[in-house]
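> Below is one structure. I have some questions about it.
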Amino acid sequence: MQAIVAVNISKHFGETQALKDISFEVNSNELFGFIGPDGAGKTTLFRIIASLLLSESGSVSVMGLNPASEYKVLRTKLGYMPGRFSLYPDLTVEENLKFYATIFGTTISENYELIKDIYSHIEPFKKRPAGKLSGGMKQKLALSCALIHKPELLILDEPTTGVDAVSRKEFWQMLKRLQGQGITVLVSTPYMDEAALCDRVALIQKGSILSIDTPQNIIDAYGKPLFGLRAGNMYNLLLKLKEYENCSSAHLFGQYIHSSFKGKFSREELFSYLNSNRINDAEIIEVTPGIEDCFMQLMEHNEPVSI
Amino acid sequence: MNKFWGFVIKEFYHIFRDKRTMLVLFGMPVVMMLLFGFVVTNEIKDARIAILDMSNDNTTREITNKILSSGYFQLQERLSSDKEIDGVFKKGNVKEVIVFDRNFEKDLYRKGISNVQLITDASDANQAKMIAEYTSGIIRNYGLTLNQEQNLPFKINTEYKMFYNPELKGVYMFVPGIMAMILMLVSALMTSISIVREKEMGTMEVLLVSPLRPIQIVLGKVMPYVFLSFINAVVIILVSLYVFKLPIQGSIVLLLAECFLFIVLALSIGILISTVTANQQVAMLFSMVALMLPTMLLSGFIYPVENMPLILQGLCQLMPPKWFIEIVKGIMLKGGGLEKVWDETLVLLGMTILLLTLSASKFKKRLE
Amino acid sequence: MSQDSIIIVKDLVKKFGNFIANDHLTFDVYQGEIFGFLGANGAGKTTAIRILCGLSTPTSGKVSVAGYDAYKQTEKIKQNIGYMSQRFSLYEDLTAFENIQFYGGIYGLSSKEIKSRSAKLFDRLGFEEFQKKQIKDIPLGWRQKLAFSVAIFHKPKIVFLDEPTGGVDPITRRQFWDLIYQAANDGITIFVTTHYMDEAEYCNRASIMVDGRIADIDTPLNMIKKYNANSMDDVFYILARKMVD
């Protein structure tokens with residue numbers, strides 16, 4: 001059974017089109033990710049699914065319910081965590097959790113099992129005002145609050161934005177465990193590296209979906225060899241690569257510059273070009289593309305990018 | 001715990017934990033009352049007066065005694081002719097001259113009616129009105145006891161005459177005005193800000209997707225402020241009663257009931273503001289401009305409505321505080337019952353229903 | 001790259017009441033390098049940056065920025081640095097040019113100077129079309145690039161970038177780093193914080209802060225070797241975990 005079915009949904013805000021004819025399906029008990037930068041339309045899309053906004057056209061069905069007309073039933077079944085953690089900074093950790101439990105008509109003890117794993121991290125600080133928690137702890141508290149009524153579908157809008165790498169890793173482990181307990185998880189993130197942790201992902205940019213598939217299939221679709229280059233002066237190397245006529249892309253990637261080439265790649269040609277530009281210390285290796293490489297390829301494919 | 005009450009309790013946490021909110025809620029009414037009030041009421045004690053008694057009979061002497069023993073007045077001078085009146089005012093050491101007509105007692109018993117004239121220095125309009133009202137209050141009381149004793153319908157006419165500002169339109173009774181202002185501020189401003197704050201923090205999104213119905217969210221936000229505003233109304237009444245010794249002539253229950261009505265009205269304005277503003281600053285500015293200024297300027301609180309250009313007078317009729325102030329004046333100062341303030345109450349009730357419906361319909365169950 | 005230190009921090013301690021936000025930090029930043037200042041949320045990064053920018057006074061220790069003392073010469077420091085954060089950068093209701101005009105004015109540039117520099121800037125960024133647009137109508141990625149250009153408009157010696165690329169699409173993110181490299185090439189020292197660990201690898205050197213202390217400081221490559229890791233992401237995880245456990 002499908003947890004979410006969306007067909008051709010569009011949404012404008014004034015002049016700007018936030019969503020352009022978006023269609024996708026999320027399977028029951030799937031961990032599904034929307035990956036894309038700020039302003040791609042992720043938040044708008046999630047709000048439509050959570051019944052907070054209405055789509056202008058197309059149809060949406062969430063757990064078999066229509067968010068426009070059956071929002072009352074729907075709202076009891078989903079847990080929603082908006083982009084900014086929706087916590088009351090002047091209430092303590094415990095009071096926040098208690099409040100959300102109360103308005104969903106339940107108690108902390110009733111559903112403690114479900115959140116125990118997450119809440120136990122912050123329970124030692126339960127008397128502290130939520131405003132004084134670190135980013136990682138706020139995130140865990142907000143997740144506990146979204147889970148307190150045992151939702152069937154969990155919608156998390158950029159839960160890891162602004163949170164450090166360690167907390168982000170822990171957070172994804174928690175999401176995996178929640179999925180193991182039968183919850184469908186819909187999550188959005190601007191961090192491309194997090195895509196690999198989802199069952200399936202949709203890459204989204206400027207209101208359109210670039211691709212929907214499993215992370216592995218998206219990577220396999222990259223379709224040409226990708227190389228990593230390195231030299232003492234990386235900036236100079238990058239500039240020269242961009243000027244190279246056979247180069248089709250050159251992007252900084254950690255310690256390497258990821259580069260792909262037109263036609264049949266010749267290592268000798270490249271090195272003689274670099275040598276003629278006084279780059280003599282270049283190294284080259286073949287690399288496996290990541291989601292970010294694919295995203296950039298799809299972006300460039302969709303429209304010419306300036307600079 | 002019930003969903004709704006859980007919500008209300010959370011709201012109280014917010015209020016009690018924010019020192020600034022607490023200060024505005026409970027400090028401001030008292031400070032404002034004292035600020036506005038002290039200048040006005042302090043000098044009513046031992047106000048210096050002169051008396052011109054052209055009758056000099058038992059009744060006038062008895063009234064004079066009553067007035068002087070009230071503690072509000074102090075006899076500065078006895079005049080022998082109306083030509084001196086101008087002079088004593090010019091010297092500036094009396095605030096009021098009481099003039100008993102010739103044959104005061106005789107007229108009272110024969111014709112059942114006699115006249116006393118109260119002439120006040122109205123350069124301070126507010127004070128003049130206070131003094132005149134205090135004096136006439138004492139004289140009226142005397143007339144009432146006379147009626148009871150003799151079982152005859154006597155009437156003592158008190159006639160006001162204001163020197164220097166004969167129209168005396170600038171009179172404002174500060175208590176009703178302050179009451180309107182504070183209730184408006186606390187109820188409308190505080191609720192609109194507290195609702196908008198939830199929007200700003202993003203918590204409104206989660207509240208909306210919760211099983212709470214929008215009406216419960218609104219009521220939950222508003223409920224604590226109904227309670228607190230009501231406490232404020234009581235505080236104001238107590239301060240005016242015990243600090244300023246301003247008696248409540250009419251029914252206190254009726255007064256509180258009218259306050260309650262006005263609070264509900266102000267709250268619905270607050271909800272309305274919160275539906276059209278996106279952040280706290282705008283909500284605050286909006287409340288200030290849209291509520292405070294009209295409350296102060298267009299309600300008869302500071303400037304009398306009758307003196308305004310016709311257009312503004314029309315505008316005043318649309319201002320809820322104007323009606324509320326009239327009601328409070330009617331009850332507190334004139335001792336009227338519900339029948340006396342019935343029309344104003346109906347207007348206020350109508351406005352409340354209109355605003356409540358409007359704000360309820362404007363409050364969205366979604367984000368747009 | 002010369003090895004002259006432009007930022008010198010020795011035994012820097014900053015306390016808030018009993019809480020020690022910075023616990024004996026010692027590090028140097030060299031003239032003209034790109035220095036990555038990494039750390040988990042609440043590790044004390046923001047506190048340290050505030051001190052380096054002259055916005056907050058250290059409790060103890062020696063801090064010198066661009067040759068000026070962080071206790072007494074904070075005004076001098078402010079004249080010589082640029083600052084850009086994700087949160088506050090440009091006024092949304094002013095146009096791109098008006099923003100530049102404003103910031104240029106703050107740093108005492110003449111209006112002639114402002115005009116000629118901004119013309120060059122818009123030309124180099126390919127930004128002409130946005131010059132007269134209000135910031136709120138400019139796409140996010142462009143805003144970020146503009147904000148950076150504004151931060152180095154007065155040609156500071158050091159520019160502090162506090163998570164400059166949060167939420168930006170991957171291509172714009174790289175274009176942004178192109179700008180950073182360019183600025184570094186022009187001799188401006190870059191001091192940058194980020195949550196993207198791949199960006200940490202673009203830095204010449206990086207430090208990783210954990211719980212108010214500097215857990216390590218080195219070139220990314222050396223760190224990756226030292227901890228037998230594949231990437232800075234792993235290094236960060238190893239260091240942060242070790243301290244927490």
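Chain lettering (A, B, ...) mirrors the order of the structure tokens, residue numbering begins at 1 for each chain separately, and ligand numbering begins at 1 in order of display.
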Contacts of B:Lys365 at 12 Å or less, counting only C-alpha atoms, minus same-chain residues fewer than 2 places along, as a VMD selection string?

(chain A and resid 50 to 54 67 to 69 71 to 72 75) or (chain B and resid 204 to 218 275 360 to 363 367 to 368)

> Please produce an output containing N, CA and C atoms for each residue in the selection, written as a JSON list (two decimals), in the first residue's frame.


```json
[["chain", "number", "residue", "atom", "x", "y", "z"],
["A", 50, "ALA", "N", 1.06, 17.66, 4.91],
["A", 50, "ALA", "CA", 0.61, 17.73, 6.31],
["A", 50, "ALA", "C", -0.70, 18.49, 6.46],
["A", 51, "SER", "N", -1.33, 18.84, 5.34],
["A", 51, "SER", "CA", -2.63, 19.53, 5.32],
["A", 51, "SER", "C", -2.55, 20.98, 5.78],
["A", 52, "LEU", "N", -1.35, 21.55, 5.80],
["A", 52, "LEU", "CA", -1.22, 22.94, 6.22],
["A", 52, "LEU", "C", -1.37, 23.91, 5.05],
["A", 53, "LEU", "N", -1.17, 23.41, 3.85],
["A", 53, "LEU", "CA", -1.39, 24.22, 2.66],
["A", 53, "LEU", "C", -2.21, 23.39, 1.69],
["A", 54, "LEU", "N", -2.88, 24.06, 0.77],
["A", 54, "LEU", "CA", -3.64, 23.34, -0.26],
["A", 54, "LEU", "C", -2.90, 23.46, -1.59],
["A", 67, "PRO", "N", -5.84, 15.43, 2.16],
["A", 67, "PRO", "CA", -5.46, 16.47, 3.13],
["A", 67, "PRO", "C", -6.36, 17.70, 3.08],
["A", 68, "ALA", "N", -7.02, 17.93, 1.95],
["A", 68, "ALA", "CA", -7.87, 19.11, 1.84],
["A", 68, "ALA", "C", -9.18, 18.92, 2.59],
["A", 69, "SER", "N", -9.79, 17.76, 2.44],
["A", 69, "SER", "CA", -11.12, 17.58, 3.03],
["A", 69, "SER", "C", -11.10, 16.73, 4.30],
["A", 71, "TYR", "N", -8.74, 16.52, 6.63],
["A", 71, "TYR", "CA", -7.58, 16.88, 7.44],
["A", 71, "TYR", "C", -7.72, 16.54, 8.90],
["A", 72, "LYS", "N", -8.97, 16.53, 9.39],
["A", 72, "LYS", "CA", -9.14, 16.26, 10.82],
["A", 72, "LYS", "C", -8.66, 14.86, 11.20],
["A", 75, "ARG", "N", -4.75, 14.54, 10.55],
["A", 75, "ARG", "CA", -3.86, 15.20, 11.51],
["A", 75, "ARG", "C", -3.60, 14.36, 12.77],
["B", 204, "MET", "N", 3.07, 27.15, 15.69],
["B", 204, "MET", "CA", 1.69, 27.16, 15.21],
["B", 204, "MET", "C", 1.44, 26.02, 14.22],
["B", 205, "GLU", "N", 2.46, 25.72, 13.42],
["B", 205, "GLU", "CA", 2.31, 24.63, 12.45],
["B", 205, "GLU", "C", 1.96, 23.33, 13.15],
["B", 206, "VAL", "N", 2.68, 23.07, 14.23],
["B", 206, "VAL", "CA", 2.45, 21.81, 14.92],
["B", 206, "VAL", "C", 1.11, 21.83, 15.63],
["B", 207, "LEU", "N", 0.74, 22.99, 16.18],
["B", 207, "LEU", "CA", -0.57, 23.08, 16.83],
["B", 207, "LEU", "C", -1.67, 22.81, 15.81],
["B", 208, "LEU", "N", -1.49, 23.35, 14.62],
["B", 208, "LEU", "CA", -2.52, 23.18, 13.59],
["B", 208, "LEU", "C", -2.65, 21.72, 13.17],
["B", 209, "VAL", "N", -1.53, 21.00, 13.06],
["B", 209, "VAL", "CA", -1.65, 19.60, 12.66],
["B", 209, "VAL", "C", -2.02, 18.69, 13.82],
["B", 210, "SER", "N", -2.13, 19.25, 15.01],
["B", 210, "SER", "CA", -2.56, 18.43, 16.14],
["B", 210, "SER", "C", -4.07, 18.31, 16.11],
["B", 211, "PRO", "N", -4.61, 17.38, 16.90],
["B", 211, "PRO", "CA", -6.08, 17.23, 16.91],
["B", 211, "PRO", "C", -6.82, 18.41, 17.54],
["B", 212, "LEU", "N", -6.10, 19.37, 18.08],
["B", 212, "LEU", "CA", -6.79, 20.56, 18.62],
["B", 212, "LEU", "C", -7.52, 21.25, 17.49],
["B", 213, "ARG", "N", -8.76, 21.65, 17.75],
["B", 213, "ARG", "CA", -9.47, 22.39, 16.72],
["B", 213, "ARG", "C", -9.04, 23.85, 16.77],
["B", 214, "PRO", "N", -9.06, 24.53, 15.61],
["B", 214, "PRO", "CA", -8.64, 25.93, 15.61],
["B", 214, "PRO", "C", -9.33, 26.76, 16.70],
["B", 215, "ILE", "N", -10.59, 26.50, 16.92],
["B", 215, "ILE", "CA", -11.32, 27.28, 17.91],
["B", 215, "ILE", "C", -10.75, 27.02, 19.31],
["B", 216, "GLN", "N", -10.28, 25.79, 19.52],
["B", 216, "GLN", "CA", -9.67, 25.47, 20.83],
["B", 216, "GLN", "C", -8.34, 26.19, 20.99],
["B", 217, "ILE", "N", -7.60, 26.27, 19.89],
["B", 217, "ILE", "CA", -6.32, 26.99, 19.96],
["B", 217, "ILE", "C", -6.57, 28.44, 20.34],
["B", 218, "VAL", "N", -7.55, 29.05, 19.65],
["B", 218, "VAL", "CA", -7.84, 30.46, 19.92],
["B", 218, "VAL", "C", -8.32, 30.64, 21.35],
["B", 275, "THR", "N", -4.50, 37.56, 13.11],
["B", 275, "THR", "CA", -4.72, 36.85, 11.85],
["B", 275, "THR", "C", -4.15, 37.62, 10.66],
["B", 360, "ALA", "N", -13.11, 34.80, 14.27],
["B", 360, "ALA", "CA", -13.21, 33.34, 14.21],
["B", 360, "ALA", "C", -13.16, 32.88, 12.77],
["B", 361, "SER", "N", -13.82, 33.63, 11.89],
["B", 361, "SER", "CA", -13.84, 33.21, 10.49],
["B", 361, "SER", "C", -12.50, 33.47, 9.82],
["B", 362, "LYS", "N", -11.78, 34.46, 10.33],
["B", 362, "LYS", "CA", -10.48, 34.78, 9.73],
["B", 362, "LYS", "C", -9.39, 33.84, 10.21],
["B", 363, "PHE", "N", -9.56, 33.29, 11.41],
["B", 363, "PHE", "CA", -8.52, 32.41, 11.94],
["B", 363, "PHE", "C", -8.49, 31.14, 11.12],
["B", 367, "LEU", "N", -2.13, 27.23, 6.82],
["B", 367, "LEU", "CA", -1.13, 28.30, 6.96],
["B", 367, "LEU", "C", -1.42, 29.49, 6.06],
["B", 368, "GLU", "N", -2.36, 29.39, 5.13],
["B", 368, "GLU", "CA", -2.62, 30.55, 4.27],
["B", 368, "GLU", "C", -4.10, 30.77, 4.15]]
```

> Which residues are close to stretch 175-182 of chain A, i.e. within 7 Å by only C-alpha atoms, leaving aside same-chain residues fewer than 3 positions away? Reply as JSON, numbers by chain.

{"A": [29, 31, 171, 172, 185]}

> How would the residues just picked look written out with C-alpha atoms as a CSV table (one decimal), in the first residue's frame?


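Contents of selection06.csv, as written:
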```
chain,number,residue,atom,x,y,z
A,29,ASN,CA,7.1,1.9,6.0
A,31,LEU,CA,12.3,5.9,4.6
A,171,PHE,CA,19.7,11.2,14.2
A,172,TRP,CA,19.7,9.1,11.1
A,185,VAL,CA,9.3,8.4,7.5
```

> Rank C:Gly187, C:Asn41, C:Lys155, C:Leu52 by their smallest atom-to-atom distance to chain A, using only C-alpha atoms, and report the top residue only.

C:Asn41

> From a DSSP pass on the backbone, collect the residues of stretch 16-93 of chain B flagged as alpha helix (DSSP H) and hand them back as an mmCIF file with N, CA and C atoms, in the first residue's frame.


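File part_37.cif, as written:
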```cif
data_model
loop_
_atom_site.group_PDB
_atom_site.id
_atom_site.type_symbol
_atom_site.label_atom_id
_atom_site.label_comp_id
_atom_site.auth_asym_id
_atom_site.auth_seq_id
_atom_site.Cartn_x
_atom_site.Cartn_y
_atom_site.Cartn_z
ATOM 1 N N PHE B 16 3.762 33.624 33.142
ATOM 2 C CA PHE B 16 4.418 33.778 34.440
ATOM 3 C C PHE B 16 5.930 33.742 34.327
ATOM 4 N N ARG B 17 6.462 33.170 33.213
ATOM 5 C CA ARG B 17 7.922 33.082 33.112
ATOM 6 C C ARG B 17 8.529 34.298 32.458
ATOM 7 N N LYS B 19 9.180 37.962 32.572
ATOM 8 C CA LYS B 19 9.065 39.048 33.538
ATOM 9 C C LYS B 19 8.464 40.300 32.921
ATOM 10 N N ARG B 20 8.796 40.513 31.633
ATOM 11 C CA ARG B 20 8.266 41.721 30.998
ATOM 12 C C ARG B 20 6.750 41.648 30.874
ATOM 13 N N THR B 21 6.262 40.473 30.491
ATOM 14 C CA THR B 21 4.812 40.309 30.389
ATOM 15 C C THR B 21 4.165 40.591 31.724
ATOM 16 N N MET B 22 4.758 40.041 32.776
ATOM 17 C CA MET B 22 4.180 40.221 34.110
ATOM 18 C C MET B 22 4.147 41.696 34.491
ATOM 19 N N MET B 28 1.757 47.952 35.001
ATOM 20 C CA MET B 28 1.259 49.076 34.232
ATOM 21 C C MET B 28 -0.073 49.658 34.730
ATOM 22 N N PRO B 29 -1.053 48.804 34.993
ATOM 23 C CA PRO B 29 -2.327 49.390 35.436
ATOM 24 C C PRO B 29 -2.158 50.268 36.665
ATOM 25 N N VAL B 30 -1.404 49.760 37.630
ATOM 26 C CA VAL B 30 -1.249 50.505 38.876
ATOM 27 C C VAL B 30 -0.480 51.805 38.624
ATOM 28 N N VAL B 31 0.617 51.697 37.875
ATOM 29 C CA VAL B 31 1.413 52.886 37.592
ATOM 30 C C VAL B 31 0.588 53.935 36.850
ATOM 31 N N MET B 32 -0.148 53.478 35.862
ATOM 32 C CA MET B 32 -0.956 54.415 35.084
ATOM 33 C C MET B 32 -2.006 55.092 35.937
ATOM 34 N N MET B 33 -2.651 54.292 36.766
ATOM 35 C CA MET B 33 -3.672 54.848 37.651
ATOM 36 C C MET B 33 -3.061 55.929 38.529
ATOM 37 N N LEU B 34 -1.899 55.613 39.100
ATOM 38 C CA LEU B 34 -1.287 56.561 40.013
ATOM 39 C C LEU B 34 -0.861 57.820 39.270
ATOM 40 N N LEU B 35 -0.264 57.606 38.093
ATOM 41 C CA LEU B 35 0.194 58.745 37.305
ATOM 42 C C LEU B 35 -0.949 59.688 36.978
ATOM 43 N N PHE B 36 -1.981 59.118 36.375
ATOM 44 C CA PHE B 36 -3.109 59.946 35.963
ATOM 45 C C PHE B 36 -3.857 60.483 37.160
ATOM 46 N N GLY B 37 -3.949 59.631 38.152
ATOM 47 C CA GLY B 37 -4.858 59.927 39.243
ATOM 48 C C GLY B 37 -4.349 60.934 40.240
ATOM 49 N N PHE B 38 -3.056 60.866 40.562
ATOM 50 C CA PHE B 38 -2.627 61.641 41.705
ATOM 51 C C PHE B 38 -2.724 63.130 41.484
ATOM 52 N N VAL B 39 -2.350 63.555 40.305
ATOM 53 C CA VAL B 39 -2.419 64.972 39.996
ATOM 54 C C VAL B 39 -3.836 65.469 40.230
ATOM 55 N N VAL B 40 -4.773 64.676 39.791
ATOM 56 C CA VAL B 40 -6.156 65.098 39.829
ATOM 57 C C VAL B 40 -6.744 65.047 41.228
ATOM 58 N N THR B 41 -6.564 63.935 41.890
ATOM 59 C CA THR B 41 -7.326 63.745 43.117
ATOM 60 C C THR B 41 -6.669 64.324 44.347
ATOM 61 N N ASN B 42 -5.385 64.441 44.344
ATOM 62 C CA ASN B 42 -4.715 64.898 45.541
ATOM 63 C C ASN B 42 -5.286 66.205 46.067
ATOM 64 N N ASN B 58 -31.070 78.619 58.558
ATOM 65 C CA ASN B 58 -30.676 77.330 59.147
ATOM 66 C C ASN B 58 -30.214 76.331 58.098
ATOM 67 N N THR B 59 -30.984 76.260 57.014
ATOM 68 C CA THR B 59 -30.657 75.265 55.986
ATOM 69 C C THR B 59 -29.307 75.554 55.344
ATOM 70 N N THR B 60 -29.093 76.796 54.950
ATOM 71 C CA THR B 60 -27.812 77.092 54.298
ATOM 72 C C THR B 60 -26.653 76.842 55.253
ATOM 73 N N ARG B 61 -26.865 77.152 56.522
ATOM 74 C CA ARG B 61 -25.789 76.911 57.485
ATOM 75 C C ARG B 61 -25.527 75.410 57.635
ATOM 76 N N GLU B 62 -26.637 74.647 57.660
ATOM 77 C CA GLU B 62 -26.459 73.198 57.775
ATOM 78 C C GLU B 62 -25.703 72.630 56.576
ATOM 79 N N ILE B 63 -26.094 73.099 55.361
ATOM 80 C CA ILE B 63 -25.412 72.614 54.160
ATOM 81 C C ILE B 63 -23.934 72.998 54.197
ATOM 82 N N THR B 64 -23.686 74.255 54.580
ATOM 83 C CA THR B 64 -22.305 74.727 54.672
ATOM 84 C C THR B 64 -21.497 73.830 55.610
ATOM 85 N N ASN B 65 -22.094 73.514 56.760
ATOM 86 C CA ASN B 65 -21.411 72.628 57.705
ATOM 87 C C ASN B 65 -21.078 71.285 57.086
ATOM 88 N N LYS B 66 -22.092 70.741 56.403
ATOM 89 C CA LYS B 66 -21.884 69.427 55.775
ATOM 90 C C LYS B 66 -20.710 69.474 54.804
ATOM 91 N N ILE B 67 -20.715 70.552 54.009
ATOM 92 C CA ILE B 67 -19.667 70.660 52.994
ATOM 93 C C ILE B 67 -18.298 70.789 53.644
ATOM 94 N N LEU B 68 -18.220 71.623 54.658
ATOM 95 C CA LEU B 68 -16.925 71.882 55.260
ATOM 96 C C LEU B 68 -16.436 70.702 56.092
ATOM 97 N N SER B 69 -17.385 69.916 56.607
ATOM 98 C CA SER B 69 -16.947 68.789 57.436
ATOM 99 C C SER B 69 -16.663 67.537 56.602
ATOM 100 N N LYS B 83 -20.283 90.874 43.832
ATOM 101 C CA LYS B 83 -19.238 91.639 43.148
ATOM 102 C C LYS B 83 -17.836 91.151 43.528
ATOM 103 N N GLU B 84 -17.769 90.508 44.694
ATOM 104 C CA GLU B 84 -16.448 90.059 45.146
ATOM 105 C C GLU B 84 -15.973 88.782 44.459
ATOM 106 N N ILE B 85 -16.914 88.056 43.833
ATOM 107 C CA ILE B 85 -16.585 86.744 43.264
ATOM 108 C C ILE B 85 -15.415 86.827 42.289
ATOM 109 N N ASP B 86 -15.568 87.754 41.349
ATOM 110 C CA ASP B 86 -14.506 87.956 40.374
ATOM 111 C C ASP B 86 -13.148 88.120 41.035
ATOM 112 N N GLY B 87 -13.151 88.933 42.074
ATOM 113 C CA GLY B 87 -11.909 89.260 42.774
ATOM 114 C C GLY B 87 -11.233 88.050 43.384
ATOM 115 N N VAL B 88 -12.000 87.215 44.088
ATOM 116 C CA VAL B 88 -11.358 86.083 44.757
ATOM 117 C C VAL B 88 -10.783 85.101 43.743
ATOM 118 N N PHE B 89 -11.475 84.958 42.617
ATOM 119 C CA PHE B 89 -10.920 84.061 41.598
ATOM 120 C C PHE B 89 -9.632 84.615 41.009
ATOM 121 N N LYS B 90 -9.651 85.956 40.811
ATOM 122 C CA LYS B 90 -8.456 86.555 40.215
ATOM 123 C C LYS B 90 -7.255 86.395 41.126
ATOM 124 N N LYS B 91 -7.497 86.511 42.434
ATOM 125 C CA LYS B 91 -6.389 86.307 43.369
ATOM 126 C C LYS B 91 -5.895 84.865 43.304
#
```

> Give as a PyMOL selection string every residue of chain A that touches chain B within 9 Å, counting only C-alpha atoms.

chain A and resi 47+50-54+71-76+78-88+90-91+95-96+98-107+146

> Can I get the residues of chain A within 8 Å of chain C, each with the closest pair of atoms and their distance in Å to one decimal, using only C-alpha atoms, sorted chain first then ascending number, as a Markdown table?


```
| residue | atom | partner | partner_atom | distance |
| --- | --- | --- | --- | --- |
| A:Gly36 | CA | C:Asp169 | CA | 6.8 |
| A:Pro37 | CA | C:Asp169 | CA | 4.5 |
| A:Asp38 | CA | C:Gly167 | CA | 5.0 |
| A:Gly39 | CA | C:Leu140 | CA | 7.6 |
| A:Ser134 | CA | C:Gly42 | CA | 5.9 |
| A:Gly135 | CA | C:Asn41 | CA | 6.0 |
| A:Gly136 | CA | C:Asn41 | CA | 7.2 |
| A:Thr161 | CA | C:Gly167 | CA | 7.7 |
| A:Gly162 | CA | C:His195 | CA | 7.2 |
| A:Val163 | CA | C:Asn41 | CA | 6.6 |
| A:Asp164 | CA | C:Ala40 | CA | 4.9 |
| A:Ala165 | CA | C:His195 | CA | 6.7 |
| A:Val166 | CA | C:Tyr237 | CA | 5.7 |
| A:Pro190 | CA | C:Gly167 | CA | 5.6 |
| A:Tyr191 | CA | C:Gly167 | CA | 7.9 |
| A:Tyr235 | CA | C:Tyr181 | CA | 6.3 |
| A:His251 | CA | C:Arg174 | CA | 6.8 |
| A:Leu252 | CA | C:Arg174 | CA | 6.5 |
| A:Phe253 | CA | C:Asp198 | CA | 6.4 |
| A:Gly254 | CA | C:Asp198 | CA | 4.3 |
| A:Gln255 | CA | C:Glu201 | CA | 5.4 |
| A:Glu292 | CA | C:Pro170 | CA | 7.0 |
| A:Phe295 | CA | C:Pro170 | CA | 7.8 |
| A:Met296 | CA | C:Ile171 | CA | 6.3 |
| A:Ile307 | CA | C:Gly126 | CA | 7.4 |
```
